[in-house]
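Colleague: This one is protein.txt, compact mmCIF, C-alpha atoms and all ligand atoms.
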```txt
# COMPACT_ATOMS: atom_id res chain seq x y z
CA MET A 22 5.06 10.67 6.86
CA TYR A 23 3.70 7.21 7.73
CA ASP A 24 5.99 4.42 8.85
CA VAL A 25 4.02 1.92 6.78
CA ALA A 26 1.51 2.22 3.93
CA ILE A 27 -0.39 -1.01 3.31
CA ILE A 28 -2.14 -1.39 -0.04
CA GLY A 29 -5.08 -3.77 0.31
CA ALA A 30 -7.35 -4.41 3.31
CA GLY A 31 -8.11 -8.11 2.77
CA PRO A 32 -6.85 -10.73 5.26
CA ALA A 33 -3.19 -10.12 4.30
CA GLY A 34 -3.28 -6.32 4.49
CA GLY A 35 -5.64 -6.11 7.46
CA SER A 36 -3.54 -8.56 9.45
CA ALA A 37 -0.33 -6.68 8.60
CA ALA A 38 -1.98 -3.43 9.74
CA ILE A 39 -2.99 -4.89 13.11
CA PHE A 40 0.65 -5.75 13.81
CA THR A 41 2.24 -2.52 12.55
CA ALA A 42 -0.32 -0.27 14.24
CA LYS A 43 -0.21 -2.25 17.51
CA ALA A 44 3.60 -1.90 17.43
CA GLY A 45 3.14 1.88 17.45
CA LYS A 46 4.08 2.34 13.80
CA LYS A 47 2.10 5.08 12.04
CA THR A 48 0.06 3.01 9.62
CA VAL A 49 -2.22 3.80 6.69
CA ILE A 50 -4.21 1.23 4.73
CA LEU A 51 -5.46 2.05 1.24
CA ASP A 52 -8.17 -0.17 -0.21
CA SER A 53 -10.22 -0.20 -3.43
CA ASP A 54 -12.88 -2.73 -2.30
CA GLN A 55 -11.99 -5.23 -5.06
CA GLY A 56 -11.07 -8.15 -2.78
CA VAL A 57 -12.03 -11.77 -3.41
CA THR A 58 -12.55 -12.56 0.29
CA LYS A 59 -15.83 -10.64 0.20
CA ARG A 60 -17.27 -13.60 -1.76
CA ALA A 61 -16.12 -16.32 0.66
CA MET A 62 -17.92 -18.31 3.37
CA LEU A 63 -15.35 -19.66 5.78
CA TYR A 64 -15.42 -22.87 7.82
CA ASN A 65 -11.65 -23.49 7.85
CA HIS A 66 -10.19 -20.46 9.63
CA TYR A 67 -8.44 -21.70 12.81
CA GLY A 68 -10.19 -20.59 16.00
CA VAL A 69 -13.34 -19.40 14.22
CA LYS A 70 -16.14 -21.97 13.73
CA GLU A 71 -17.70 -20.08 10.84
CA ILE A 72 -17.62 -16.56 9.49
CA THR A 73 -18.49 -14.82 6.24
CA GLY A 74 -15.67 -13.28 4.22
CA PRO A 75 -17.13 -9.75 4.55
CA GLU A 76 -17.37 -10.13 8.34
CA LEU A 77 -13.76 -11.37 8.58
CA VAL A 78 -12.49 -8.43 6.51
CA LYS A 79 -14.62 -5.89 8.41
CA THR A 80 -13.45 -7.21 11.79
CA GLY A 81 -9.82 -7.13 10.67
CA ILE A 82 -10.09 -3.48 9.61
CA GLU A 83 -11.81 -2.61 12.91
CA GLN A 84 -8.97 -4.29 14.85
CA ALA A 85 -6.34 -2.33 12.89
CA LYS A 86 -8.23 0.94 13.40
CA HIS A 87 -8.53 0.18 17.13
CA TYR A 88 -4.71 0.31 17.33
CA GLY A 89 -4.55 3.57 15.37
CA ALA A 90 -4.33 2.53 11.70
CA GLU A 91 -6.03 4.90 9.26
CA LEU A 92 -8.06 3.65 6.30
CA ILE A 93 -8.29 5.47 2.97
CA GLU A 94 -10.89 4.00 0.63
CA ALA A 95 -9.28 4.56 -2.76
CA LYS A 96 -7.51 2.79 -5.59
CA VAL A 97 -3.75 3.23 -5.56
CA THR A 98 -2.54 4.22 -9.02
CA GLY A 99 1.21 4.53 -8.55
CA ILE A 100 4.18 4.39 -6.20
CA THR A 101 7.27 6.58 -6.57
CA LYS A 102 10.56 6.55 -4.68
CA THR A 103 11.46 9.62 -2.61
CA GLU A 104 14.54 10.52 -0.58
CA ASN A 105 13.11 9.03 2.64
CA GLY A 106 10.68 6.42 1.38
CA PHE A 107 7.79 6.35 -1.07
CA LYS A 108 4.89 8.42 -2.34
CA VAL A 109 1.76 6.33 -2.79
CA GLN A 110 -0.64 7.98 -5.23
CA TYR A 111 -4.36 7.34 -5.33
CA ASP A 112 -7.35 8.78 -7.19
CA ASN A 113 -7.36 12.21 -5.53
CA GLY A 114 -4.37 12.36 -3.25
CA GLU A 115 -1.14 10.81 -2.06
CA VAL A 116 0.51 9.66 1.16
CA GLU A 117 4.19 9.24 2.04
CA ALA A 118 5.56 6.25 3.89
CA LYS A 119 8.93 4.77 4.82
CA HIS A 120 7.79 1.25 3.92
CA VAL A 121 5.07 -0.08 1.61
CA ILE A 122 3.41 -3.49 1.99
CA LEU A 123 1.53 -4.66 -1.10
CA ALA A 124 -1.40 -6.90 -0.12
CA THR A 125 -3.32 -6.53 -3.36
CA GLY A 126 -4.71 -10.05 -3.74
CA PHE A 127 -5.07 -11.07 -7.39
CA LEU A 128 -3.96 -7.63 -8.66
CA THR A 129 -0.31 -6.93 -9.45
CA ASP A 130 -0.69 -4.07 -11.95
CA LEU A 131 1.12 -1.68 -9.56
CA ALA A 132 4.38 -3.49 -10.36
CA GLU A 133 4.88 -1.42 -13.50
CA SER A 134 4.72 1.97 -11.76
CA ILE A 135 7.92 1.36 -9.77
CA GLY A 136 9.64 -1.47 -11.57
CA LEU A 137 8.79 -4.39 -9.30
CA LYS A 138 9.76 -7.82 -10.54
CA THR A 139 6.88 -10.26 -11.03
CA LYS A 140 6.72 -13.93 -11.92
CA PRO A 141 3.99 -16.46 -12.82
CA GLY A 142 1.78 -17.60 -9.92
CA THR A 143 1.57 -21.25 -8.90
CA GLU A 144 -1.82 -21.22 -7.11
CA PRO A 145 -5.06 -21.88 -9.04
CA ARG A 146 -6.24 -18.82 -11.02
CA VAL A 147 -3.36 -16.64 -9.73
CA LYS A 148 -1.67 -15.56 -12.95
CA THR A 149 1.05 -13.21 -11.71
CA ILE A 150 2.69 -12.57 -8.33
CA PHE A 151 5.32 -10.18 -7.01
CA ASP A 152 8.76 -11.78 -6.88
CA VAL A 153 9.54 -11.76 -3.15
CA ASP A 154 12.15 -13.41 -0.95
CA ALA A 155 11.32 -15.54 2.11
CA ASN A 156 10.88 -12.38 4.22
CA GLY A 157 8.42 -10.79 1.80
CA LYS A 158 10.89 -8.30 0.31
CA THR A 159 10.51 -7.31 -3.34
CA ASN A 160 13.42 -6.23 -5.54
CA VAL A 161 12.83 -2.59 -4.43
CA ASP A 162 14.23 -1.96 -0.94
CA GLY A 163 11.36 -0.84 1.33
CA ILE A 164 8.57 -2.41 -0.73
CA TRP A 165 7.24 -5.72 0.57
CA ALA A 166 4.40 -8.00 -0.52
CA ALA A 167 2.12 -10.37 1.42
CA GLY A 168 -0.74 -12.77 0.79
CA THR A 169 -2.11 -13.88 -2.57
CA CYS A 170 -0.06 -11.29 -4.51
CA ALA A 171 3.09 -12.76 -2.90
CA GLY A 172 2.24 -16.29 -4.02
CA VAL A 173 1.07 -18.01 -0.83
CA SER A 174 -1.76 -20.56 -0.78
CA VAL A 175 -5.14 -18.87 -1.30
CA HIS A 176 -6.69 -19.46 2.13
CA THR A 177 -7.55 -16.79 4.65
CA ILE A 178 -5.59 -18.35 7.51
CA ILE A 179 -2.49 -18.39 5.30
CA THR A 180 -2.83 -14.95 3.70
CA ALA A 181 -3.57 -13.42 7.11
CA GLY A 182 -0.56 -15.23 8.58
CA ASP A 183 1.64 -14.05 5.72
CA GLY A 184 0.53 -10.45 6.31
CA ALA A 185 1.47 -10.83 9.97
CA LYS A 186 4.84 -12.35 9.04
CA VAL A 187 5.75 -9.56 6.67
CA ALA A 188 4.58 -6.88 9.14
CA ILE A 189 6.79 -8.38 11.86
CA ASN A 190 9.74 -8.25 9.44
CA VAL A 191 9.01 -4.58 8.61
CA ILE A 192 8.66 -3.68 12.31
CA SER A 193 11.93 -5.52 13.07
CA GLU A 194 13.71 -3.57 10.34
CA LEU A 195 12.33 -0.26 11.63
CA ASN A 196 13.33 -1.15 15.22
CA GLY A 197 16.76 -2.56 14.31
CA GLU A 198 16.07 -5.76 16.28
CA ARG A 199 13.71 -8.75 16.06
CA TYR A 200 10.20 -7.90 17.19
CA VAL A 201 7.72 -10.09 19.08
CA ASP A 202 4.12 -9.11 19.97
CA HIS A 203 3.04 -11.20 22.98
CA ASP A 204 0.28 -10.22 25.37
CA VAL A 205 0.02 -12.19 28.60
CA LEU A 206 -3.04 -13.65 30.31
CA LYS A 207 -3.66 -11.92 33.63
C1 LIG B 1 -15.74 -17.50 -3.83
C2 LIG B 1 -14.55 -17.66 -2.92
C3 LIG B 1 -14.63 -18.53 -1.85
C4 LIG B 1 -13.54 -18.71 -0.99
N1 LIG B 1 -13.64 -19.56 0.06
C5 LIG B 1 -12.60 -19.72 0.91
C6 LIG B 1 -12.70 -20.62 2.01
O1 LIG B 1 -13.73 -21.24 2.22
N2 LIG B 1 -11.62 -20.73 2.84
C7 LIG B 1 -10.47 -20.04 2.64
O2 LIG B 1 -9.54 -20.17 3.44
N3 LIG B 1 -10.33 -19.18 1.60
C8 LIG B 1 -11.38 -19.01 0.73
N4 LIG B 1 -11.27 -18.15 -0.33
C9 LIG B 1 -9.96 -17.54 -0.60
C10 LIG B 1 -9.62 -16.31 0.24
O3 LIG B 1 -10.64 -15.35 0.18
C11 LIG B 1 -8.31 -15.72 -0.31
O4 LIG B 1 -7.38 -16.73 -0.56
C12 LIG B 1 -7.53 -14.81 0.61
O5 LIG B 1 -8.16 -14.52 1.78
C13 LIG B 1 -7.10 -13.56 -0.11
O6 LIG B 1 -6.58 -12.60 0.81
P1 LIG B 1 -5.69 -11.38 0.30
O7 LIG B 1 -5.64 -10.41 1.40
O8 LIG B 1 -4.44 -11.89 -0.28
O9 LIG B 1 -6.52 -10.77 -0.95
P2 LIG B 1 -8.02 -10.02 -1.07
O10 LIG B 1 -8.89 -10.54 0.00
O11 LIG B 1 -8.37 -10.19 -2.46
O12 LIG B 1 -7.64 -8.54 -0.71
C14 LIG B 1 -6.89 -7.75 -1.59
C15 LIG B 1 -7.27 -6.29 -1.36
O13 LIG B 1 -6.38 -5.45 -2.10
C16 LIG B 1 -7.13 -4.37 -2.62
N5 LIG B 1 -6.40 -3.78 -3.75
C17 LIG B 1 -5.88 -4.39 -4.83
N6 LIG B 1 -5.28 -3.50 -5.65
C18 LIG B 1 -5.43 -2.28 -5.05
C19 LIG B 1 -5.05 -0.96 -5.39
N7 LIG B 1 -4.37 -0.68 -6.52
N8 LIG B 1 -5.37 0.06 -4.55
C20 LIG B 1 -6.05 -0.18 -3.39
N9 LIG B 1 -6.44 -1.42 -3.01
C21 LIG B 1 -6.14 -2.46 -3.84
C22 LIG B 1 -8.46 -4.99 -3.02
O14 LIG B 1 -9.48 -4.03 -3.13
C23 LIG B 1 -8.69 -5.98 -1.87
O15 LIG B 1 -9.48 -5.41 -0.84
C24 LIG B 1 -12.35 -17.97 -1.21
C25 LIG B 1 -12.27 -17.09 -2.29
C26 LIG B 1 -13.35 -16.94 -3.14
C27 LIG B 1 -13.24 -15.97 -4.28
```
Mind converting the file's structure to structure tokens?
Ligand SMILES: Cc1cc2nc3c(=O)[nH]c(=O)nc-3n(C[C@H](O)[C@H](O)[C@H](O)COP(=O)(O)OP(=O)(O)OC[C@H]3O[C@@H](n4cnc5c(N)ncnc54)[C@H](O)[C@@H]3O)c2cc1C

Modeller:
Amino acid sequence: MYDVAIIGAGPAGGSAAIFTAKAGKKTVILDSDQGVTKRAMLYNHYGVKEITGPELVKTGIEQAKHYGAELIEAKVTGITKTENGFKVQYDNGEVEAKHVILATGFLTDLAESIGLKTKPGTEPRVKTIFDVDANGKTNVDGIWAAGTCAGVSVHTIITAGDGAKVAINVISELNGERYVDHDVLK
């Protein structure tokens, strides 16, 4: 049983995984390699003068793995509710997790499998998004969404920040108190 299953390893999902794994939460990321960030060249990501999209995504996954997150390279095909959380099904297997964070970019087809509410997107070319509240919660308790699929502005600094925000909310819920991740300069 994982604490958190994150679907999508773009900036939103990778960033969420860094936070959940670093907080000691057993984290699995599932990714189908269909992300749009792999086509980007970035000159507007705060703190980074320039970086290719593929390099940003690769580095994010390496950071998450460094803190113990596991990566499964597969397309998730369905999510079902269980007594203690969710089963996340992919091509040739499944994992169980207490919480699920959807970070699926432009893809929202998973909504149907578990009855998630969607609504029209407002950002250019984003047709449909998951209907989330300000914390990133969907209408199904325990399923959250972050990044492009949650309707935020389509920029890496924002999708990555949204992934971090939602992860902090999930960690806080698991811990029963607000969570902060601050390391201190020695
Ligand atoms: C050509 C181009 C240029 C761009 N240039 C810039 C720029 O200069 N500056 C900037 O800030 N932004 C730029 N962007 C936008 C930026 O890449 C995105 O806005 C943002 O980073 C998307 O992050 P995300 O994590 O929400 O989605 P993605 O990066 O799309 O990641 C979503 C991930 O979810 C996975 N996924 C989806 N469904 C499933 C499933 N069922 N099972 C498993 N995995 C799944 C996908 O495989 C993918 O890896 C550009 C985008 C494009 C296309």

Colleague: Show me the residues around (5.2, -12.1, 12.9) - criterion: an atom at most 8 Å away, only C-alpha atoms counted - as a PDB file with C-alpha atoms, in the frame of the given file.

Modeller:
```
ATOM      1  CA  PHE A  40       0.650  -5.750  13.810  1.00  0.00           C
ATOM      2  CA  GLY A 182      -0.560 -15.230   8.580  1.00  0.00           C
ATOM      3  CA  ALA A 185       1.470 -10.830   9.970  1.00  0.00           C
ATOM      4  CA  LYS A 186       4.840 -12.350   9.040  1.00  0.00           C
ATOM      5  CA  VAL A 187       5.750  -9.560   6.670  1.00  0.00           C
ATOM      6  CA  ALA A 188       4.580  -6.880   9.140  1.00  0.00           C
ATOM      7  CA  ILE A 189       6.790  -8.380  11.860  1.00  0.00           C
ATOM      8  CA  ASN A 190       9.740  -8.250   9.440  1.00  0.00           C
ATOM      9  CA  TYR A 200      10.200  -7.900  17.190  1.00  0.00           C
ATOM     10  CA  VAL A 201       7.720 -10.090  19.080  1.00  0.00           C
ATOM     11  CA  ASP A 202       4.120  -9.110  19.970  1.00  0.00           C
TER      12      ASP A 202
END
```

Colleague: As number ranges by chain, please: the residues near range 61-64 of chain A (cut-off 6 Å, only C-alpha atoms, same-chain neighbours under 3 positions excluded).

Modeller: A: 58, 71-74

Colleague: At a cut-off of 7 Å and counting only C-alpha atoms and all ligand atoms, what residues surround ligand LIG 1 (chain B)? Please answer as an NGL selection string.

Modeller: :A and (28-34 or 51-66 or 74 or 95-98 or 124-128 or 131 or 167-170 or 174-178 or 180-181)

Colleague: Give me the residues of range 63-121 of chain A that have any atom at most 12 Å from an atom of range 145-161 of chain A; for each, the nearest atom pair and the distance in Å, rounded to one decimal. Use only C-alpha atoms, sort by chain and number, and format it as a Markdown table.

Modeller:
```
| residue | atom | partner | partner_atom | distance |
| --- | --- | --- | --- | --- |
| A:Ile100 | CA | A:Val161 | CA | 11.3 |
| A:Thr101 | CA | A:Val161 | CA | 10.9 |
| A:Lys102 | CA | A:Val161 | CA | 9.4 |
| A:Gly106 | CA | A:Val161 | CA | 10.9 |
| A:Phe107 | CA | A:Val161 | CA | 10.8 |
| A:His120 | CA | A:Val161 | CA | 10.5 |
| A:Val121 | CA | A:Val161 | CA | 10.1 |
```

Colleague: Given the choices A:Lys108, A:Lys119, A:Glu133, A:Asp204, which gets closest to Asp162 in chain A if the distance is worked out from all atoms listed in the file?

Modeller: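 Closest to Asp162 in chain A of all the choices is A:Lys119.
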
Colleague: For each of A:Lys43, A:Val191, A:Ala171, A:Val116, take the minimum atom-to-atom distance to Leu137 in chain A, counting all atoms listed in the file, then give the residue where this is smallest.

Modeller: A:Ala171

Colleague: Would you list the contacts of Ala90 in chain A as a PDB file with C-alpha atoms, in the frame of the given file, taking every protein, DNA or RNA residue within 12 Å and counting only C-alpha atoms, but skipping same-chain residues closer than 4 positions in sequence?

Modeller:
```pdb
ATOM      1  CA  TYR A  23       3.700   7.210   7.730  1.00  0.00           C
ATOM      2  CA  ASP A  24       5.990   4.420   8.850  1.00  0.00           C
ATOM      3  CA  VAL A  25       4.020   1.920   6.780  1.00  0.00           C
ATOM      4  CA  ALA A  26       1.510   2.220   3.930  1.00  0.00           C
ATOM      5  CA  ILE A  27      -0.390  -1.010   3.310  1.00  0.00           C
ATOM      6  CA  ALA A  30      -7.350  -4.410   3.310  1.00  0.00           C
ATOM      7  CA  GLY A  34      -3.280  -6.320   4.490  1.00  0.00           C
ATOM      8  CA  GLY A  35      -5.640  -6.110   7.460  1.00  0.00           C
ATOM      9  CA  SER A  36      -3.540  -8.560   9.450  1.00  0.00           C
ATOM     10  CA  ALA A  37      -0.330  -6.680   8.600  1.00  0.00           C
ATOM     11  CA  ALA A  38      -1.980  -3.430   9.740  1.00  0.00           C
ATOM     12  CA  ILE A  39      -2.990  -4.890  13.110  1.00  0.00           C
ATOM     13  CA  PHE A  40       0.650  -5.750  13.810  1.00  0.00           C
ATOM     14  CA  THR A  41       2.240  -2.520  12.550  1.00  0.00           C
ATOM     15  CA  ALA A  42      -0.320  -0.270  14.240  1.00  0.00           C
ATOM     16  CA  LYS A  43      -0.210  -2.250  17.510  1.00  0.00           C
ATOM     17  CA  ALA A  44       3.600  -1.900  17.430  1.00  0.00           C
ATOM     18  CA  GLY A  45       3.140   1.880  17.450  1.00  0.00           C
ATOM     19  CA  LYS A  46       4.080   2.340  13.800  1.00  0.00           C
ATOM     20  CA  LYS A  47       2.100   5.080  12.040  1.00  0.00           C
ATOM     21  CA  THR A  48       0.060   3.010   9.620  1.00  0.00           C
ATOM     22  CA  VAL A  49      -2.220   3.800   6.690  1.00  0.00           C
ATOM     23  CA  ILE A  50      -4.210   1.230   4.730  1.00  0.00           C
ATOM     24  CA  LEU A  51      -5.460   2.050   1.240  1.00  0.00           C
ATOM     25  CA  GLY A  81      -9.820  -7.130  10.670  1.00  0.00           C
ATOM     26  CA  ILE A  82     -10.090  -3.480   9.610  1.00  0.00           C
ATOM     27  CA  GLU A  83     -11.810  -2.610  12.910  1.00  0.00           C
ATOM     28  CA  GLN A  84      -8.970  -4.290  14.850  1.00  0.00           C
ATOM     29  CA  ALA A  85      -6.340  -2.330  12.890  1.00  0.00           C
ATOM     30  CA  LYS A  86      -8.230   0.940  13.400  1.00  0.00           C
TER      31      LYS A  86
END
```

Colleague: Pick from A:Val69, A:Val78, A:Val173, A:Ile122: nearest to Gly142 in chain A, with all atoms listed in the file counted?

Modeller: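 Selected residue with least distance to Gly142 in chain A: A:Val173.
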
Colleague: Between CA of Ile179 in chain A and CA of Ser193 in chain A, what is the distance in Å, rounded to a tenth?

Modeller: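 Separation between CA of Ile179 in chain A and CA of Ser193 in chain A: 20.8 Å.
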
Colleague: Go through A:Glu94, A:Glu104, A:Glu198, A:Asp130 and flag the residue nearest Ala118 in chain A, using all atoms listed in the file for the distances.

Modeller: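 Closest residue, counting all atoms listed in the file: A:Glu104.
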
Colleague: In Å to one decimal, how far is CA of Leu195 in chain A from CA of Ser134 in chain A?

Modeller: 24.7 Å

Colleague: For range 87-91 of chain A, take all atoms listed in the file, fit an axis-aligned box around them, add 5 Å to each of the six sides, then output centre and edge lengths in Å rounded to one decimal, as JSON.

Modeller:
```
{"center_x": -6.4, "center_y": 2.5, "center_z": 13.3, "size_x": 14.2, "size_y": 14.7, "size_z": 18.1}
```

Colleague: Report, in Å with one decimal, the straight-line distance from CA of Leu123 in chain A to CA of Ile164 in chain A.

Modeller: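 Taking CA of Leu123 in chain A as the start and CA of Ile164 in chain A as the end point, the length is 7.4 Å.
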